[in-house]
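Text of target_19.csv, listed as CSV, C-alpha atoms:
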chain,number,residue,atom,x,y,z
A,1,MET,CA,0.0,0.0,0.0
A,2,LEU,CA,2.8,2.4,0.8
A,3,ASP,CA,4.0,2.2,-2.9
A,4,ILE,CA,1.1,4.6,-3.7
A,5,ALA,CA,1.3,6.5,-0.5
A,6,GLU,CA,1.5,10.0,-2.1
A,7,GLU,CA,-1.8,9.6,-3.9
A,8,LEU,CA,-3.6,7.9,-1.0
A,9,HIS,CA,-2.4,10.7,1.4
A,10,ARG,CA,-4.0,13.2,-0.9
A,11,TRP,CA,-7.3,11.2,-0.8
A,12,VAL,CA,-7.1,11.2,3.0
A,13,GLU,CA,-6.7,14.9,3.1
A,14,GLN,CA,-9.6,15.4,0.7
A,15,GLY,CA,-11.8,13.2,2.9
A,16,ARG,CA,-12.3,10.5,0.3
A,17,ALA,CA,-13.5,7.0,1.2
A,18,PHE,CA,-11.5,4.3,-0.5
A,19,ALA,CA,-10.6,0.6,-0.4
A,20,VAL,CA,-7.1,-0.8,-0.9
A,21,ALA,CA,-6.1,-4.2,-2.4
A,22,THR,CA,-2.6,-5.2,-1.5
A,23,VAL,CA,-0.5,-8.1,-2.7
A,24,VAL,CA,0.3,-10.2,0.4
A,25,ALA,CA,1.8,-13.4,-1.0
A,26,VAL,CA,3.2,-14.5,-4.4
A,27,GLY,CA,3.8,-18.0,-5.8
A,28,GLY,CA,5.6,-18.7,-9.0
A,29,SER,CA,6.1,-16.0,-11.7
A,30,ALA,CA,4.1,-12.9,-10.9
A,31,PRO,CA,4.7,-9.3,-12.0
A,32,ARG,CA,4.2,-7.5,-8.6
A,33,GLN,CA,5.6,-8.3,-5.2
A,34,PRO,CA,4.1,-8.2,-1.7
A,35,GLY,CA,3.2,-4.6,-0.9
A,36,ALA,CA,2.1,-3.6,-4.4
A,37,ALA,CA,-1.4,-2.1,-4.2
A,38,LEU,CA,-4.4,-0.9,-6.1
A,39,ALA,CA,-6.9,1.6,-4.5
A,40,VAL,CA,-10.4,2.6,-5.6
A,41,ASP,CA,-12.3,5.5,-4.1
A,42,SER,CA,-16.1,5.9,-3.7
A,43,GLU,CA,-16.4,7.6,-7.1
A,44,GLY,CA,-14.7,4.7,-8.9
A,45,THR,CA,-11.3,6.3,-9.4
A,46,ALA,CA,-8.5,3.8,-9.4
A,47,ILE,CA,-4.8,4.1,-8.8
A,48,GLY,CA,-1.9,1.6,-8.6
A,49,SER,CA,-1.6,-2.0,-9.8
A,50,VAL,CA,-1.4,-5.5,-8.3
A,51,SER,CA,-0.6,-7.6,-11.3
A,52,GLY,CA,0.4,-5.4,-14.2
A,53,GLY,CA,-3.0,-5.9,-15.8
A,54,CYS,CA,-3.8,-9.6,-15.4
A,55,VAL,CA,-6.4,-9.4,-12.7
A,56,GLU,CA,-7.0,-5.6,-12.2
A,57,GLY,CA,-10.6,-5.7,-13.3
A,58,ALA,CA,-11.6,-8.4,-10.7
A,59,VAL,CA,-9.6,-6.6,-8.0
A,60,TYR,CA,-11.3,-3.4,-8.9
A,61,ASP,CA,-14.7,-5.0,-8.3
A,62,LEU,CA,-13.5,-6.4,-5.0
A,63,CYS,CA,-12.5,-2.9,-3.8
A,64,VAL,CA,-15.9,-1.5,-4.9
A,65,GLN,CA,-17.6,-4.4,-2.9
A,66,ALA,CA,-15.4,-3.6,0.2
A,67,LEU,CA,-16.5,0.0,0.0
A,68,GLU,CA,-20.2,-1.1,0.0
A,69,ASP,CA,-20.2,-3.8,2.7
A,70,GLY,CA,-17.2,-2.7,4.8
A,71,ARG,CA,-15.7,-6.2,4.9
A,72,THR,CA,-12.0,-7.2,4.6
A,73,VAL,CA,-11.3,-10.3,2.5
A,74,VAL,CA,-8.3,-12.2,1.1
A,75,GLU,CA,-8.7,-13.5,-2.4
A,76,ARG,CA,-6.3,-15.8,-4.4
A,77,PHE,CA,-5.8,-15.4,-8.1
A,78,GLY,CA,-4.0,-17.9,-10.3
A,79,TYR,CA,-3.5,-19.0,-13.9
A,80,SER,CA,-6.6,-20.0,-15.9
A,81,ASP,CA,-5.9,-23.0,-18.1
A,82,GLU,CA,-9.3,-22.8,-19.8
A,83,ASP,CA,-9.0,-19.1,-20.8
A,84,ALA,CA,-5.8,-17.2,-20.4
A,85,PHE,CA,-7.7,-14.0,-20.5
A,86,ALA,CA,-10.2,-14.9,-17.8
A,87,VAL,CA,-9.7,-13.9,-14.2
A,88,GLY,CA,-6.2,-15.3,-13.8
A,89,LEU,CA,-2.5,-14.6,-14.2
A,90,THR,CA,-1.4,-15.4,-17.7
A,91,CYS,CA,2.2,-15.4,-16.5
A,92,GLY,CA,1.5,-18.6,-14.5
A,93,GLY,CA,1.9,-17.3,-11.0
A,94,ILE,CA,-0.4,-17.1,-8.0
A,95,ILE,CA,-1.0,-14.1,-5.9
A,96,ASP,CA,-3.0,-13.5,-2.6
A,97,ILE,CA,-4.6,-10.1,-2.3
A,98,LEU,CA,-5.9,-8.4,0.9
A,99,VAL,CA,-8.8,-6.1,0.2
A,100,THR,CA,-9.8,-3.7,2.9
A,101,PRO,CA,-11.8,-0.5,3.2
A,102,VAL,CA,-9.7,2.3,4.8
A,103,ARG,CA,-11.5,4.2,7.5
A,104,GLY,CA,-9.1,5.9,9.8
A,105,GLY,CA,-7.0,3.9,12.3
A,106,VAL,CA,-3.3,3.9,11.7
A,107,PHE,CA,-3.5,4.2,7.9
A,108,PRO,CA,-3.5,8.1,7.7
A,109,ALA,CA,-0.4,8.2,10.0
A,110,ALA,CA,1.3,5.5,7.9
A,111,LEU,CA,0.7,7.3,4.7
A,112,ALA,CA,1.9,10.6,6.2
A,113,ALA,CA,5.1,9.0,7.3
A,114,ALA,CA,5.7,7.5,3.9
A,115,VAL,CA,5.1,10.8,2.1
A,116,GLY,CA,7.2,12.7,4.6
A,117,GLY,CA,10.2,10.3,4.1
A,118,GLU,CA,10.0,9.0,7.7
A,119,ALA,CA,11.0,5.5,8.6
A,120,ALA,CA,8.0,3.5,9.7
A,121,ALA,CA,6.5,0.0,9.2
A,122,LEU,CA,2.8,-0.9,8.6
A,123,ALA,CA,2.1,-4.4,9.9
A,124,ARG,CA,-1.3,-5.9,8.9
A,125,ILE,CA,-2.9,-9.3,9.6
A,126,VAL,CA,-3.4,-11.1,6.3
A,127,SER,CA,-4.1,-14.6,7.5
A,128,GLY,CA,-6.0,-15.7,10.6
A,129,PRO,CA,-9.5,-15.4,12.1
A,130,ASP,CA,-11.8,-13.3,9.9
A,131,ASP,CA,-12.4,-10.8,12.7
A,132,LEU,CA,-8.6,-10.0,12.7
A,133,LEU,CA,-8.0,-9.7,9.0
A,134,GLY,CA,-6.7,-6.2,8.1
A,135,LYS,CA,-6.0,-5.2,11.7
A,136,ALA,CA,-2.9,-3.0,11.6
A,137,LEU,CA,0.0,-1.5,13.7
A,138,LEU,CA,2.2,1.4,12.7
A,139,VAL,CA,5.7,0.7,14.1
A,140,ARG,CA,8.4,3.4,14.5
A,141,PRO,CA,12.2,2.9,14.5
A,142,ASP,CA,12.4,3.3,18.3
A,143,GLY,CA,10.0,0.4,18.8
A,144,SER,CA,7.0,2.6,19.7
A,145,TYR,CA,3.7,1.7,17.9
A,146,GLU,CA,0.1,2.8,17.2
A,147,GLY,CA,-2.9,0.6,16.7
A,148,LYS,CA,-4.1,-2.8,18.0
A,149,LEU,CA,-4.1,-6.2,16.3
A,150,GLY,CA,-6.4,-8.1,18.7
A,151,GLY,CA,-7.3,-8.8,22.3
A,152,HIS,CA,-3.8,-9.8,23.5
A,153,PRO,CA,-1.4,-6.9,24.4
A,154,GLU,CA,1.4,-9.4,24.0
A,155,LEU,CA,0.4,-9.9,20.4
A,156,ASP,CA,0.9,-6.2,19.7
A,157,ARG,CA,4.3,-6.2,21.4
A,158,THR,CA,5.5,-9.2,19.6
A,159,ALA,CA,4.3,-8.0,16.2
A,160,ALA,CA,5.9,-4.6,16.9
A,161,GLY,CA,9.2,-6.1,17.7
A,162,GLU,CA,9.2,-8.3,14.6
A,163,ALA,CA,8.1,-5.4,12.4
A,164,ARG,CA,10.8,-3.2,13.9
A,165,ALA,CA,13.5,-5.7,12.9
A,166,MET,CA,12.2,-5.7,9.3
A,167,LEU,CA,12.1,-2.0,9.3
A,168,ASP,CA,15.7,-1.8,10.4
A,169,ALA,CA,16.6,-3.9,7.4
A,170,GLY,CA,14.3,-1.8,5.1
A,171,ARG,CA,12.4,-5.0,4.2
A,172,THR,CA,8.8,-5.7,3.1
A,173,GLY,CA,7.5,-9.2,3.5
A,174,THR,CA,5.5,-11.5,5.7
A,175,LEU,CA,6.0,-13.0,9.1
A,176,GLU,CA,4.2,-15.5,11.3
A,177,ILE,CA,3.5,-15.1,15.0
A,178,GLY,CA,1.1,-16.8,17.5
A,179,GLU,CA,-2.2,-15.0,18.3
A,180,ASP,CA,-1.2,-14.7,22.0
A,181,GLY,CA,2.2,-13.3,21.1
A,182,SER,CA,4.0,-16.6,21.6
A,183,ARG,CA,5.1,-19.0,18.9
A,184,CYS,CA,3.1,-22.0,20.2
A,185,GLY,CA,-0.5,-20.5,19.9
A,186,GLN,CA,-2.7,-20.0,16.9
A,187,HIS,CA,-0.6,-18.6,14.1
A,188,LEU,CA,-1.3,-15.4,12.2
A,189,THR,CA,0.5,-14.1,9.1
A,190,LEU,CA,1.3,-10.4,9.0
A,191,LEU,CA,2.4,-8.4,6.0
A,192,VAL,CA,5.0,-5.8,7.0
A,193,GLU,CA,5.5,-2.9,4.6
A,194,SER,CA,8.6,-0.9,5.5
A,195,SER,CA,8.7,2.8,4.5
A,196,VAL,CA,12.3,4.0,4.6
A,197,PRO,CA,14.1,7.0,3.1
A,198,ALA,CA,15.4,6.3,-0.4
A,199,PRO,CA,18.7,4.3,-0.5
A,200,ARG,CA,21.8,6.1,-1.4
A,201,MET,CA,24.0,5.9,-4.5
A,202,ILE,CA,27.3,7.7,-4.1
A,203,VAL,CA,29.2,8.3,-7.3
A,204,PHE,CA,32.9,9.1,-7.0
A,205,GLY,CA,34.4,10.9,-9.9
A,206,ALA,CA,32.8,14.0,-11.6
A,207,ILE,CA,33.1,12.7,-15.2
A,208,ASP,CA,30.7,12.5,-18.1
A,209,PHE,CA,30.0,8.8,-17.2
A,210,ALA,CA,28.9,10.0,-13.8
A,211,ALA,CA,26.4,12.4,-15.2
A,212,ALA,CA,24.7,9.5,-17.1
A,213,LEU,CA,24.9,7.3,-14.0
A,214,VAL,CA,23.2,10.0,-11.9
A,215,ARG,CA,20.2,9.9,-14.2
A,216,VAL,CA,20.0,6.1,-14.0
A,217,GLY,CA,20.4,6.2,-10.2
A,218,LYS,CA,17.5,8.6,-9.9
A,219,PHE,CA,15.4,6.5,-12.2
A,220,LEU,CA,16.0,3.4,-10.0
A,221,GLY,CA,14.9,5.4,-6.9
A,222,TYR,CA,18.2,6.3,-5.3
A,223,ARG,CA,19.2,9.5,-3.5
A,224,VAL,CA,22.3,10.3,-5.5
A,225,THR,CA,25.5,12.0,-4.4
A,226,VAL,CA,28.4,12.9,-6.6
A,227,CYS,CA,31.8,13.4,-4.9
A,228,ASP,CA,35.1,14.6,-6.4
A,229,ALA,CA,38.1,16.4,-4.9
A,230,ARG,CA,38.3,18.8,-8.0
A,231,PRO,CA,36.0,21.8,-7.5
A,232,VAL,CA,36.2,22.8,-11.2
A,233,PHE,CA,34.4,19.5,-12.1
A,234,ALA,CA,32.2,18.8,-9.0
A,235,THR,CA,29.6,21.5,-9.6
A,236,PRO,CA,25.8,21.4,-9.4
A,237,ALA,CA,25.7,22.9,-12.9
A,238,ARG,CA,27.4,19.8,-14.3
A,239,PHE,CA,25.1,17.4,-12.3
A,240,PRO,CA,21.7,19.1,-12.0
A,241,GLU,CA,19.9,15.9,-11.4
A,242,ALA,CA,22.1,14.9,-8.4
A,243,ASP,CA,20.6,15.3,-4.9
A,244,GLU,CA,24.0,16.7,-3.8
A,245,VAL,CA,27.4,17.4,-5.2
A,246,VAL,CA,30.3,17.3,-2.7
A,247,VAL,CA,33.8,18.7,-3.2
A,248,GLU,CA,36.1,16.5,-1.0
A,249,TRP,CA,38.7,13.8,-1.3
A,250,PRO,CA,36.5,10.6,-1.8
A,251,HIS,CA,38.0,8.6,1.1
A,252,ARG,CA,37.5,11.5,3.5
A,253,TYR,CA,33.9,11.9,2.4
A,254,LEU,CA,33.2,8.2,2.8
A,255,GLU,CA,34.7,8.2,6.2
A,256,SER,CA,32.3,11.0,7.4
A,257,THR,CA,29.0,10.2,5.6
A,258,GLU,CA,26.3,7.7,6.6
A,259,VAL,CA,25.9,4.5,4.7
A,260,ASP,CA,23.8,1.4,5.3
A,261,GLY,CA,23.1,-2.0,3.9
A,262,ARG,CA,21.2,-0.5,0.9
A,263,THR,CA,23.9,1.9,-0.1
A,264,VAL,CA,25.7,1.5,-3.5
A,265,LEU,CA,29.1,2.9,-4.1
A,266,CYS,CA,30.3,3.5,-7.7
A,267,VAL,CA,33.9,4.5,-8.1
A,268,LEU,CA,34.4,6.1,-11.6
A,269,THR,CA,37.7,8.0,-10.9
A,270,HIS,CA,40.0,5.1,-12.1
A,271,ASP,CA,43.0,7.1,-10.6
A,272,ALA,CA,45.0,5.2,-8.0
A,273,LYS,CA,45.5,8.2,-5.8
A,274,PHE,CA,41.7,8.4,-5.4
A,275,ASP,CA,40.8,4.8,-5.8
A,276,VAL,CA,43.1,3.0,-3.4
A,277,PRO,CA,42.3,5.0,-0.2
A,278,LEU,CA,38.7,5.1,-1.1
A,279,LEU,CA,38.3,1.3,-1.9
A,280,ARG,CA,40.3,0.4,1.2
A,281,ILE,CA,37.5,1.9,3.3
A,282,ALA,CA,34.6,1.0,1.0
A,283,LEU,CA,35.3,-2.7,0.9
A,284,ARG,CA,35.1,-2.9,4.7
A,285,LEU,CA,31.7,-1.2,5.0
A,286,PRO,CA,28.4,-3.1,5.2
A,287,VAL,CA,27.0,-1.7,2.0
A,288,ALA,CA,25.1,-3.4,-0.8
A,289,TYR,CA,27.4,-2.9,-3.7
A,290,VAL,CA,30.9,-1.6,-4.5
A,291,GLY,CA,31.9,-1.2,-8.1
A,292,ALA,CA,34.9,0.4,-9.7
A,293,MET,CA,35.5,1.6,-13.3
A,294,GLY,CA,38.6,0.8,-15.3
A,295,SER,CA,40.2,-1.4,-17.9
A,296,ARG,CA,41.3,-4.9,-17.0
A,297,ARG,CA,44.9,-3.7,-16.7
A,298,THR,CA,43.7,-0.9,-14.3
A,299,HIS,CA,41.7,-3.5,-12.4
A,300,LEU,CA,44.8,-5.8,-11.9
A,301,ASP,CA,47.0,-2.9,-11.0
A,302,ARG,CA,44.5,-1.5,-8.6
A,303,ASN,CA,44.0,-4.9,-6.9
A,304,GLU,CA,47.8,-5.2,-6.3
A,305,ARG,CA,47.9,-1.7,-4.8
A,306,LEU,CA,44.9,-2.6,-2.5
A,307,ARG,CA,46.7,-5.8,-1.3
A,308,GLU,CA,49.7,-3.7,-0.5
A,309,VAL,CA,47.6,-1.5,1.9
A,310,GLY,CA,46.2,-4.5,3.6
A,311,VAL,CA,43.0,-5.3,1.8
A,312,THR,CA,42.3,-9.0,2.1
A,313,GLU,CA,41.3,-11.5,-0.7
A,314,ILE,CA,37.8,-11.8,1.0
A,315,GLU,CA,37.4,-8.0,0.9
A,316,LEU,CA,38.6,-7.9,-2.7
A,317,ALA,CA,36.0,-10.5,-3.7
A,318,ARG,CA,33.3,-7.9,-2.9
A,319,LEU,CA,34.6,-5.5,-5.6
A,320,ARG,CA,32.7,-5.4,-8.9
A,321,SER,CA,35.4,-4.5,-11.3
A,322,PRO,CA,35.4,-3.7,-14.1
A,323,ILE,CA,32.1,-2.2,-13.1
A,324,GLY,CA,28.8,-3.2,-14.9
A,325,LEU,CA,27.4,-6.0,-16.9
A,326,ASP,CA,28.7,-7.0,-20.3
A,327,LEU,CA,26.4,-5.1,-22.6
A,328,GLY,CA,29.1,-4.0,-25.1
A,329,ALA,CA,28.5,-0.5,-23.8
A,330,ARG,CA,30.6,2.4,-25.2
A,331,THR,CA,28.7,5.7,-24.6
A,332,PRO,CA,28.3,7.2,-21.1
A,333,GLU,CA,24.6,6.4,-21.2
A,334,GLU,CA,25.2,2.8,-22.3
A,335,THR,CA,27.8,2.4,-19.6
A,336,ALA,CA,25.4,3.8,-17.0
A,337,LEU,CA,22.8,1.3,-18.1
A,338,SER,CA,25.3,-1.5,-17.7
A,339,ILE,CA,26.1,-0.3,-14.1
A,340,GLY,CA,22.5,0.1,-13.2
A,341,ALA,CA,21.7,-3.4,-14.5
A,342,GLU,CA,24.4,-4.9,-12.4
A,343,ILE,CA,23.2,-3.1,-9.3
A,344,VAL,CA,19.6,-4.4,-9.9
A,345,ALA,CA,20.9,-8.0,-10.6
A,346,ASN,CA,22.9,-7.9,-7.4
A,347,ARG,CA,20.0,-6.6,-5.4
A,348,ARG,CA,17.4,-9.0,-6.8
A,349,GLY,CA,19.6,-12.1,-7.2
A,350,GLY,CA,19.6,-12.1,-11.0
A,351,THR,CA,22.3,-13.7,-13.1
A,352,GLY,CA,22.6,-11.0,-15.7
A,353,ALA,CA,22.1,-13.6,-18.4
A,354,SER,CA,19.6,-13.2,-21.3
A,355,LEU,CA,16.2,-14.6,-20.5
A,356,THR,CA,15.8,-15.9,-24.1
A,357,GLY,CA,16.4,-19.7,-24.0
A,358,ALA,CA,17.2,-19.6,-20.3
A,359,HIS,CA,15.5,-21.8,-17.7
A,360,THR,CA,16.1,-19.5,-14.8
A,361,PRO,CA,13.2,-17.7,-13.0
A,362,ILE,CA,12.2,-14.4,-14.3
A,363,HIS,CA,11.5,-13.1,-10.8
A,364,HIS,CA,13.9,-13.9,-8.0
A,365,ASP,CA,13.0,-14.1,-4.3
A,366,GLY,CA,16.3,-12.5,-3.2
A,367,PRO,CA,20.0,-12.1,-4.0
A,368,ARG,CA,22.4,-14.9,-4.1
A,369,GLY,CA,25.7,-13.0,-4.2
A,370,PRO,CA,27.9,-12.1,-1.2
A,371,LEU,CA,26.9,-8.5,-1.4
A,372,GLY,CA,23.2,-9.0,-1.7
A,373,ARG,CA,20.5,-7.8,0.6
A,374,ILE,CA,17.0,-9.3,0.9
A,375,GLY,CA,14.5,-7.4,-1.3
A,376,SER,CA,13.9,-3.9,0.1
A,377,VAL,CA,11.6,-0.7,-0.4
A,378,ALA,CA,13.4,1.8,-2.4
Let me see the file written as structure tokens.
Amino acid sequence: MLDIAEELHRWVEQGRAFAVATVVAVGGSAPRQPGAALAVDSEGTAIGSVSGGCVEGAVYDLCVQALEDGRTVVERFGYSDEDAFAVGLTCGGIIDILVTPVRGGVFPAALAAAVGGEAAALARIVSGPDDLLGKALLVRPDGSYEGKLGGHPELDRTAAGEARAMLDAGRTGTLEIGEDGSRCGQHLTLLVESSVPAPRMIVFGAIDFAAALVRVGKFLGYRVTVCDARPVFATPARFPEADEVVVEWPHRYLESTEVDGRTVLCVLTHDAKFDVPLLRIALRLPVAYVGAMGSRRTHLDRNERLREVGVTEIELARLRSPIGLDLGARTPEETALSIGAEIVANRRGGTGASLTGAHTPIHHDGPRGPLGRIGSVA
């Protein structure tokens, strides 16, 4: 639901009544992941998507019904063998969708937090007794929470603790807990949607390739910083789409700025005096991705210099160099696309191979590589 928070927040401010359908579980190949949502207001206006078009009509009708009767339901949609264009997923997957009318509670606060860039998690019961379906908590980073899931205070405390852990990791997904707050009672399934500030992309090296990569980074949802020690090149005029441009030696900036498990670092300087001290720090940070530009000769020389300053083989194994996937890229834009594709593959667990003729899944549950992080909200 939080993926369409901005529009829904406007609806709340305008006093509109609406219902929201949210993907809560996915099996097989499906175009949208848990948390994806479609909303319909009392006038029939629809926003968002739960399947990329496969079941939107049926889900729209469910939202209209929820607005009329006030009931929360969970519906499953799967592939229709008899008619691929009937109510089913032509891609062959299965999705479970929670449909609920939104009438106050913690939802306005959750939407406001998402729109305001605040970290918060919305935890909703998506499987369990009918009278508990759709019950929600809004959980803050400090562990405080609003709302109530059921009759057991321990349930709220347990759910808030579990949701806070997912929020800390920036994850959206499901979890199971006992109705009484223990793990031996009746089990409930909760969907936890984490709303966190945009992940960071830090681009080191104020070159023409960096300008193209800034655009790709913004397109992928990153908050992008360009850093270079040369003030004549590191200017907002040269990088108008960057969120910030920093004039500083790269390694000094990296030492002083905040990064986390979703941060990606792209080193485009390919100059040893910048690269070596920078990568020595970068490869020891708990970030999602570290890539460095350069020829294969530059890569080999840089690795030897890094070993000389104490970087271990395990740390070097984290380095994506030469940076990007093999697309045959030549222009700055093509190279930026190559780098962006590698970042997505690393985040989602993709192989980077062509899907044509392959037998690998189209959609992956999570990364496989050593730098990967479980799927997050970006």
Spatial neighbours of Glu162 of chain A, max dist 12 Å, all atoms listed in the file, sep filter under 4 positions, as JSON, numbers by chain | {"A": [121, 122, 123, 137, 139, 140, 141, 143, 145, 155, 156, 157, 158, 166, 167, 168, 169, 171, 172, 173, 174, 175, 176, 177, 181, 189, 190, 191, 192, 193, 194]}
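Minimum atom-to-atom distance to Glu241 of chain A, evaluated using all atoms listed in the file, belongs to A:Ala210 out of A:Val23, A:Ala210, A:Val287, A:Ala160.
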Nearest to Leu138 of chain A among A:Glu75, A:Glu258, A:Glu154, A:Glu118, with distances taken over only C-alpha atoms: which residue is it?
-> A:Glu118
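Interatomic distance, atom CA of Phe107 of chain A to atom CA of Asp61 of chain A: 21.7 Å.
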Got a sec: who's within 12 Å of Ile314 of chain A, counting all atoms listed in the file, leaving out chain neighbours fewer than 3 positions off, as number ranges by chain?
-> A: 283-284, 307, 310-311, 317-319, 370-371
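The residue that comes closest to Phe204 of chain A, out of A:Asp243, A:Asp260, A:Asp275, A:Asp41 and on the basis of only C-alpha atoms, is A:Asp275.
Using all atoms listed in the file, the shortest contact distance between Thr351 of chain A and any of A:Glu333, A:Leu325, A:Ala39, A:Arg238 is found at A:Leu325.
Summary of the local environment: counting all atoms listed in the file, residues at most 10 Å from Leu327 of chain A, other than itself and those fewer than 5 positions away along its chain, are Glu334, Thr335, Leu337, Ser338, Ile339, Ala341 and Gly352 of chain A.
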Writing out the chosen residues with C-alpha atoms as a PDB file, in the frame of the given file:
ATOM      1  CA  GLU A 334      25.200   2.800 -22.300  1.00  0.00           C
ATOM      2  CA  THR A 335      27.800   2.400 -19.600  1.00  0.00           C
ATOM      3  CA  LEU A 337      22.800   1.300 -18.100  1.00  0.00           C
ATOM      4  CA  SER A 338      25.300  -1.500 -17.700  1.00  0.00           C
ATOM      5  CA  ILE A 339      26.100  -0.300 -14.100  1.00  0.00           C
ATOM      6  CA  ALA A 341      21.700  -3.400 -14.500  1.00  0.00           C
ATOM      7  CA  GLY A 352      22.600 -11.000 -15.700  1.00  0.00           C
TER       8      GLY A 352
END
Would you mind reading off the distance between atom CA of Thr257 of chain A and atom CA of Met201 of chain A, one decimal, in Å?
-> 12.1 Å
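Rounded to one decimal, atom CA of Leu2 of chain A and atom CA of Pro240 of chain A lie 28.3 Å from each other.
Distances here use only C-alpha atoms; by that measure, the residue among A:Gly117, A:Gly147, A:Gly27, A:Pro129 closest to Ile95 of chain A is A:Gly27.
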Ser321 of chain A surroundings by all atoms listed in the file, 9 Å radius, close-in-sequence under 3 positions cut, as a list of chain:residue names | A:Val290, A:Gly291, A:Ala292, A:Met293, A:Gly294, A:Ser295, A:Arg296, A:His299, A:Gly324
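Counting all atoms listed in the file and comparing A:His187, A:His152, A:Arg223, A:Lys218, the residue that lies closest to Arg200 of chain A is A:Arg223.
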Near-Ile281 of chain A list (12 Å; all atoms listed in the file; drop same-chain fewer than 6 positions) as a JSON list (two decimals) with C-alpha atoms, in the frame of the given file:
[["chain", "number", "residue", "atom", "x", "y", "z"],
["A", 250, "PRO", "CA", 36.50, 10.60, -1.80],
["A", 251, "HIS", "CA", 38.00, 8.60, 1.10],
["A", 252, "ARG", "CA", 37.50, 11.50, 3.50],
["A", 253, "TYR", "CA", 33.90, 11.90, 2.40],
["A", 254, "LEU", "CA", 33.20, 8.20, 2.80],
["A", 255, "GLU", "CA", 34.70, 8.20, 6.20],
["A", 256, "SER", "CA", 32.30, 11.00, 7.40],
["A", 259, "VAL", "CA", 25.90, 4.50, 4.70],
["A", 265, "LEU", "CA", 29.10, 2.90, -4.10],
["A", 274, "PHE", "CA", 41.70, 8.40, -5.40],
["A", 275, "ASP", "CA", 40.80, 4.80, -5.80],
["A", 287, "VAL", "CA", 27.00, -1.70, 2.00],
["A", 290, "VAL", "CA", 30.90, -1.60, -4.50],
["A", 306, "LEU", "CA", 44.90, -2.60, -2.50],
["A", 309, "VAL", "CA", 47.60, -1.50, 1.90],
["A", 310, "GLY", "CA", 46.20, -4.50, 3.60],
["A", 311, "VAL", "CA", 43.00, -5.30, 1.80],
["A", 312, "THR", "CA", 42.30, -9.00, 2.10],
["A", 315, "GLU", "CA", 37.40, -8.00, 0.90],
["A", 316, "LEU", "CA", 38.60, -7.90, -2.70],
["A", 319, "LEU", "CA", 34.60, -5.50, -5.60]]
